[in-house]
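Scroll down for the structure; my scribbles are underneath it.
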Amino acid sequence: MTVNILLFKITLLVYFVATIFYLIGVISRKERFRQNAVYLLIGGFVLHCITLAVRWVATGAIPVASLHESLSFFAWTLVGIYLIFYLRYRTVMLGAFITPLALVLMIIGTTTSAQAPALNPMLDSWWFPVHVTLAFLGHAIFAIAAAAGVMYLLQERMLKSKKFSGLFYRLPSLDTLDSMNYKCLTFGFPLMTMGIISGAIWANSAWGGYWRWDPKETWALISWFLYAALLHGRLTVGWRGRRAAIFAIIGFGFLLFTFFGVNLFLSGEHSFRNFTGQ
Amino acid sequence: MHIVIVGLSHKTAPVEIRERLAFAPTAMQRPLQKLLELPPVAEGLIVSTCNRVELCAATKEPDVAIAAMRRFLAEYHEITPSEIDDHLYDYQGEDAIRHLFRVASSLDSMVLGEPQILGQIKTAYGYAAEFKTAGLILNRFLHKAFSVAKRVRTETAIASNAVSVSFAAVELARKIFDRIDNKAVMIIGAGEMCELAARHFITNGVSKVLVTNRTFARAEKLAAEFQGKAVPFENFVDHLVEADIVLTSTGAPNFILGQRHMEDVLKRRKNRPMFLIDIAVPRDIDPKVNSLDNAYLYDVDDLQGVVQANLKERKKEAGKAEAIVEQEIGQFHQWLANLEVKPTIIALRRKFEEIRQQELDKTFGNLKDLSGKDRKSIEAMANAIINKILHQPTTVLKQSQNDASGTDHVDAVRTLFDLPAPADDDKEIKPLGDPGQE
């Protein structure tokens, strides 16, 4: 187990350095820093893959059973999805938003117990990893949408007010950012939907009921409706740009609350306490 | 050898003077050869653009050459020297190197960072090479200047942002649309600025052009020129739905496009963004349109503002560029200094001495039972060999000091024998005697 904690810490360190590089790259005009930040992030991601694989082998279950594990897993999907987006859009700037977010998740991860939880029989279901993987992939894609949304609002503000900071020259065009928003929605929404459905099926096998209105389920459903409204607005009424950006940011806020808030403030079947019996 | 430059630019001379001193780009042979005929000038180059004239030369006597080149410039253009003397600047040594590097990097241009100057210098160098007025030194100097300019261009953002109104409009469009090659542009009215901006959009590949004008015939004429479509002025608003980019410059006293119109147009476009450029004074489009979602309205002042901001960005970058220039000056200056004959002979001799010493040590190491006398005669033989070998090259180098081939020989010797740059302590070494005296 110590090996994978060490790996986890090294990964965190690499993400930390990558974040610093991104921030320097954004504040100054040093192209080199931004480029190296991407390489660092790729290196960190590879390490992270190894970390998760080692842990998976050690515990014999997909590493999402404790808060520590799922934070790490969430950060991993986030970085992975960003790197896929990077290949497609080559937007280094997006990384300046996503990398710090992944870093924060990892840092929160260090404050929680890294002990492998005793395997709860409830989690011993084929549906559990499916549910969690789909949900986190959806979350990660929506995180990208939110970051694109923030960039859109910044860029739009500058274009409207005609006051340009150095950021203007480095941010992608409005069209690119808006098309990212749409891409994220078309991939993220089905993933989220399937995540919820697979969760319901798993709940049925674990607790004998598809839907129990526990706080996490409720909040996830609220977020789902929000994204459904955005998708509908985009496809039929021609919602786009600013409004779509704001929706994506609020939607991700809801998702974060669903993930953290429910664990911290509210109790329910999804709380990790129930898993680990602490 | 020294580099000297005599010239004038937009900074030192008004256009009335500059135009009288310009050299016709099609007839460079005669002035180049005349320049080379000046006694102190060993190699020569002439850069002549609408903003500057620069005579650049390699010479042994910088002060004499500068005076001669000043006279040449006046005489060639049949002007009395006193008329232009105050407008001319001259540089020599490190300052001359710095000057040309800065000019090539567009740090001395009227519009900081404009790209043409490098091309103009390349052309000028092309003529000098063609008519064989550039030799070893100017070849190296100009190639160095090109590489400095390239470094400045790639390592700083000095040329990255638009500094003309119409180009700024195209760049803004790219920040909104990403690609403009699949966008449609509508031209309302036919002001000169409007046409210029339209041309920029067309050369950057917009796929569709619509033209409207109160006089339909004029619209048709412009449309034909841009291979676009003319639209009657009465219902141009209906066609706005098709336009992503709108350029207006009519003489209308009031707004021809109001907020209400645009709300409607945007709705019909399903909120696809629109970039509206209002070049007319008084303005054609109600400024309130800018507050509509997905509409971006820029008037002349806004575009001017963008240009000013971009210029400011360039000025910031200029500092970095100056630092690059400074770095590179030293290197070239060093190379030039190495072309001096005396330190080259010293370095060559030292190199041979080193080899001799090494080989002697090796031989004596193997033949331990040699008598003192034997060792002496072997040493003497080694000495005699290097002195004999060095005799001819040293003589040639010394003689060629005083003619044009000198620098070529020095460069060849330095390359062939891989001689290091002379260190400062070279001066302390005793003067080289004739071979055989040691």
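If you're wondering about the labels, chains in the structure tokens are A, B, ... by order shown, residues count from 1 in each chain, ligands from 1 in order shown.
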
For chain B against chain A, which residues fall within 12 Å using only C-alpha atoms, given as an MDAnalysis selection string? chainID B and resid 154:158 160:162 169 171:180 266:276 287:299 301:310 312:314 316:317 320

Fewer than 3 positions away in the same chain doesn't count, so skip those; otherwise give me all residues within 7 Å of Asn4 in chain A, counting only C-alpha atoms, as a PyMOL selection string. chain A and resi 1+7-8+51+54-55

Selection to disk with N, CA, C and O atoms, as a compact mmCIF listing (two decimals), in the first residue's frame:
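Saved file part-v1.txt follows:
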# COMPACT_ATOMS: atom_id res chain seq x y z
N MET A 1 0.82 -1.21 0.00
CA MET A 1 0.00 0.00 0.00
C MET A 1 0.86 1.27 0.00
O MET A 1 0.50 2.27 -0.57
N LEU A 7 3.34 6.85 -4.93
CA LEU A 7 3.00 7.20 -6.32
C LEU A 7 1.99 8.34 -6.36
O LEU A 7 2.11 9.28 -7.14
N PHE A 8 1.00 8.24 -5.48
CA PHE A 8 -0.03 9.28 -5.41
C PHE A 8 0.61 10.63 -5.12
O PHE A 8 0.30 11.64 -5.75
N THR A 51 -0.54 4.79 -10.64
CA THR A 51 -1.02 4.84 -9.26
C THR A 51 -2.33 4.09 -9.10
O THR A 51 -2.49 3.24 -8.22
N VAL A 54 -1.96 0.27 -9.67
CA VAL A 54 -1.33 -0.40 -8.52
C VAL A 54 -2.35 -0.60 -7.41
O VAL A 54 -2.47 -1.66 -6.81
N ARG A 55 -3.13 0.45 -7.19
CA ARG A 55 -4.11 0.38 -6.11
C ARG A 55 -5.20 -0.64 -6.45
O ARG A 55 -5.67 -1.39 -5.60

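If you count only C-alpha atoms and ignore residues fewer than 6 places along the chain from Val152 in chain B, what sits within 7 Å of it is Ser105, Ala321 and Ile324 of chain B.
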
Long-range neighbours of Leu230 in chain A as a ChimeraX atom specification, 9 Å cut-off, only C-alpha atoms, 5 positions minimum in chain: /A:185,225,235,239,243-244,247-248

How about saving the chosen residues, N, CA and C atoms kept, as a PDB file, in the first residue's frame?
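Saved to out_36.pdb:
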ATOM      1  N   LEU A 185     -21.471  19.004 -24.097  1.00  0.00           N
ATOM      2  CA  LEU A 185     -22.863  18.678 -23.787  1.00  0.00           C
ATOM      3  C   LEU A 185     -23.275  17.390 -24.485  1.00  0.00           C
ATOM      4  N   PHE A 225     -31.430  17.819 -14.914  1.00  0.00           N
ATOM      5  CA  PHE A 225     -32.474  18.637 -15.542  1.00  0.00           C
ATOM      6  C   PHE A 225     -31.884  19.932 -16.111  1.00  0.00           C
ATOM      7  N   LEU A 235     -30.555  23.060 -28.943  1.00  0.00           N
ATOM      8  CA  LEU A 235     -30.990  22.398 -30.164  1.00  0.00           C
ATOM      9  C   LEU A 235     -32.209  23.062 -30.769  1.00  0.00           C
ATOM     10  N   TRP A 239     -30.114  28.650 -28.193  1.00  0.00           N
ATOM     11  CA  TRP A 239     -29.297  29.154 -27.085  1.00  0.00           C
ATOM     12  C   TRP A 239     -27.850  28.899 -27.425  1.00  0.00           C
ATOM     13  N   ARG A 243     -25.212  32.601 -22.717  1.00  0.00           N
ATOM     14  CA  ARG A 243     -26.177  31.883 -21.917  1.00  0.00           C
ATOM     15  C   ARG A 243     -25.717  30.436 -21.703  1.00  0.00           C
ATOM     16  N   ALA A 244     -25.248  29.810 -22.770  1.00  0.00           N
ATOM     17  CA  ALA A 244     -24.773  28.432 -22.667  1.00  0.00           C
ATOM     18  C   ALA A 244     -23.576  28.361 -21.712  1.00  0.00           C
ATOM     19  N   PHE A 247     -24.850  28.620 -18.136  1.00  0.00           N
ATOM     20  CA  PHE A 247     -25.482  27.345 -17.771  1.00  0.00           C
ATOM     21  C   PHE A 247     -24.426  26.297 -17.423  1.00  0.00           C
ATOM     22  N   ALA A 248     -23.396  26.225 -18.235  1.00  0.00           N
ATOM     23  CA  ALA A 248     -22.361  25.207 -18.020  1.00  0.00           C
ATOM     24  C   ALA A 248     -21.653  25.440 -16.688  1.00  0.00           C
TER      25      ALA A 248
END

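Among the candidate residues A:Leu67, A:Gln35, A:Val57, A:Ala18, the one lying nearest to Gln115 in chain A is A:Leu67, with distances computed using only C-alpha atoms.
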
Quick one: everything within 12 Å of Leu36 in chain B, counting only C-alpha atoms, minus sequence neighbours fewer than 5 positions away in the same chain. Send it as a list in words. Gln29, Arg30, Pro31, Val41, Ala42, Glu43, Gly44, Leu45, Ile46, Leu55, Cys56, Ala57, Ala58, Thr59, Ala65, Ala68, Met69, Phe72, Ala128, Phe131, Lys132, Thr133, Ala134, Gly135 and Ala404 of chain B

Kindly give the distance, in Å, that separates CA of Leu311 in chain B and CA of Phe167 in chain B, rounded to a single decimal. 13.0 Å

Name the residues in contact with Val17 in chain A at a cut-off of 9 Å, using only C-alpha atoms, excluding same-chain residues fewer than 6 positions from it; report them as an mmCIF file with N, CA, C and O atoms, in the first residue's frame.
data_model
loop_
_atom_site.group_PDB
_atom_site.id
_atom_site.type_symbol
_atom_site.label_atom_id
_atom_site.label_comp_id
_atom_site.auth_asym_id
_atom_site.auth_seq_id
_atom_site.Cartn_x
_atom_site.Cartn_y
_atom_site.Cartn_z
ATOM 1 N N ALA A 37 4.169 22.891 -19.584
ATOM 2 C CA ALA A 37 3.101 22.514 -18.658
ATOM 3 C C ALA A 37 2.326 21.329 -19.220
ATOM 4 O O ALA A 37 1.985 20.393 -18.489
ATOM 5 N N LEU A 40 4.371 18.220 -18.772
ATOM 6 C CA LEU A 40 4.329 17.816 -17.368
ATOM 7 C C LEU A 40 3.012 17.116 -17.054
ATOM 8 O O LEU A 40 2.976 16.094 -16.374
ATOM 9 N N LEU A 41 1.950 17.702 -17.569
ATOM 10 C CA LEU A 41 0.633 17.142 -17.281
ATOM 11 C C LEU A 41 0.511 15.736 -17.860
ATOM 12 O O LEU A 41 -0.032 14.832 -17.217
#

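For Ser125 in chain A, the set of protein, DNA and RNA residues having any atom at most 12 Å away, when counting only C-alpha atoms and skipping those fewer than 3 positions along the same chain, is Ala61, Ile62, Leu119, Asn120, Pro121, Met122, Phe128, Pro129, Val130, His131, Val132, Ser198, Gly199, Ile201, Trp202, Ala203, Asn204, Ser205, Ala206 and Trp207 of chain A.
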
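Among the candidates A:Phe142, A:Leu134, A:Phe33, A:Ala147, the residue lying nearest to Ile196 in chain A is A:Leu134 (atoms considered: only C-alpha atoms).
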
DSSP strand (DSSP E) selection over range 75-250 of chain B, as a PyMOL selection string: chain B and resi 89-92+184-189+208-213+229-232+245-249

Output N, CA, C and O atoms for every residue in the selection just made, as a tab-separated table (two decimals), in the first residue's frame.
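Dumped to result20.tsv:
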chain	number	residue	atom	x	y	z
B	89	TYR	N	23.06	60.20	-40.74
B	89	TYR	CA	23.73	59.66	-39.55
B	89	TYR	C	24.83	58.72	-40.03
B	89	TYR	O	24.79	58.23	-41.16
B	90	ASP	N	25.83	58.51	-39.20
B	90	ASP	CA	26.81	57.49	-39.54
B	90	ASP	C	27.17	56.68	-38.30
B	90	ASP	O	27.09	57.17	-37.18
B	91	TYR	N	27.47	55.43	-38.52
B	91	TYR	CA	27.83	54.54	-37.42
B	91	TYR	C	29.06	53.76	-37.83
B	91	TYR	O	29.26	53.47	-39.01
B	92	GLN	N	29.87	53.40	-36.85
B	92	GLN	CA	30.97	52.49	-37.15
B	92	GLN	C	31.15	51.49	-36.00
B	92	GLN	O	30.63	51.69	-34.90
B	184	ALA	N	-19.82	35.14	-44.28
B	184	ALA	CA	-20.29	36.08	-45.30
B	184	ALA	C	-20.12	37.50	-44.79
B	184	ALA	O	-20.34	37.77	-43.61
B	185	VAL	N	-19.69	38.39	-45.68
B	185	VAL	CA	-19.52	39.79	-45.29
B	185	VAL	C	-20.46	40.65	-46.11
B	185	VAL	O	-20.70	40.39	-47.30
B	186	MET	N	-21.08	41.65	-45.45
B	186	MET	CA	-21.97	42.56	-46.16
B	186	MET	C	-21.38	43.96	-46.09
B	186	MET	O	-21.00	44.42	-45.02
B	187	ILE	N	-21.32	44.61	-47.25
B	187	ILE	CA	-20.77	45.96	-47.31
B	187	ILE	C	-21.92	46.93	-47.56
B	187	ILE	O	-22.63	46.80	-48.56
B	188	ILE	N	-22.11	47.85	-46.63
B	188	ILE	CA	-23.18	48.83	-46.79
B	188	ILE	C	-22.54	50.19	-47.04
B	188	ILE	O	-21.75	50.66	-46.23
B	189	GLY	N	-22.87	50.82	-48.18
B	189	GLY	CA	-22.23	52.07	-48.56
B	189	GLY	C	-20.89	51.76	-49.20
B	189	GLY	O	-20.52	50.58	-49.34
B	208	LYS	N	-18.43	34.71	-48.94
B	208	LYS	CA	-19.56	35.33	-49.63
B	208	LYS	C	-19.53	36.83	-49.37
B	208	LYS	O	-19.24	37.26	-48.26
B	209	VAL	N	-19.80	37.60	-50.41
B	209	VAL	CA	-19.81	39.06	-50.27
B	209	VAL	C	-21.14	39.61	-50.76
B	209	VAL	O	-21.61	39.26	-51.84
B	210	LEU	N	-21.78	40.43	-49.92
B	210	LEU	CA	-23.01	41.13	-50.31
B	210	LEU	C	-22.71	42.62	-50.30
B	210	LEU	O	-22.02	43.10	-49.41
B	211	VAL	N	-23.22	43.33	-51.29
B	211	VAL	CA	-22.97	44.77	-51.35
B	211	VAL	C	-24.29	45.50	-51.50
B	211	VAL	O	-25.15	45.09	-52.28
B	212	THR	N	-24.45	46.56	-50.72
B	212	THR	CA	-25.64	47.38	-50.92
B	212	THR	C	-25.24	48.84	-50.90
B	212	THR	O	-24.26	49.23	-50.26
B	213	ASN	N	-26.02	49.65	-51.65
B	213	ASN	CA	-25.73	51.07	-51.76
B	213	ASN	C	-27.01	51.77	-52.16
B	213	ASN	O	-27.86	51.17	-52.82
B	229	LYS	N	-22.59	39.76	-54.46
B	229	LYS	CA	-23.96	39.93	-54.93
B	229	LYS	C	-24.43	41.31	-54.50
B	229	LYS	O	-24.21	41.71	-53.35
B	230	ALA	N	-25.06	42.06	-55.40
B	230	ALA	CA	-25.61	43.37	-55.04
B	230	ALA	C	-27.01	43.18	-54.48
B	230	ALA	O	-27.76	42.31	-54.92
B	231	VAL	N	-27.32	43.97	-53.46
B	231	VAL	CA	-28.61	43.85	-52.78
B	231	VAL	C	-29.24	45.24	-52.78
B	231	VAL	O	-28.55	46.22	-52.50
B	232	PRO	N	-30.55	45.36	-53.10
B	232	PRO	CA	-31.18	46.70	-53.08
B	232	PRO	C	-31.14	47.30	-51.67
B	232	PRO	O	-31.34	46.59	-50.69
B	245	ILE	N	-20.45	39.21	-40.97
B	245	ILE	CA	-19.64	40.42	-40.77
B	245	ILE	C	-20.29	41.54	-41.57
B	245	ILE	O	-20.62	41.35	-42.74
B	246	VAL	N	-20.50	42.69	-40.93
B	246	VAL	CA	-21.14	43.81	-41.61
B	246	VAL	C	-20.20	45.01	-41.57
B	246	VAL	O	-19.70	45.38	-40.51
B	247	LEU	N	-19.95	45.59	-42.73
B	247	LEU	CA	-19.11	46.79	-42.82
B	247	LEU	C	-19.98	47.93	-43.31
B	247	LEU	O	-20.57	47.83	-44.39
B	248	THR	N	-20.10	49.01	-42.55
B	248	THR	CA	-20.93	50.11	-43.04
B	248	THR	C	-20.12	51.39	-43.11
B	248	THR	O	-19.33	51.68	-42.21
B	249	SER	N	-20.36	52.15	-44.19
B	249	SER	CA	-19.87	53.52	-44.22
B	249	SER	C	-20.71	54.28	-45.21
B	249	SER	O	-20.30	54.53	-46.34

Range 7-232 of chain A: which residues are alpha helix (DSSP H) by DSSP, as a PyMOL selection string? chain A and resi 7-27+31-59+67-89+92-111+127-161+166-170+174-207+215-232

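If only C-alpha atoms are the atoms counted, then among A:Ser223, A:Met106, A:His68, A:Leu255 the closest residue to Leu13 in chain A is A:Met106.
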
Can you work out the spacing between CA of Leu83 in chain A and CA of Phe260 in chain A in Å, to one decimal? 24.5 Å
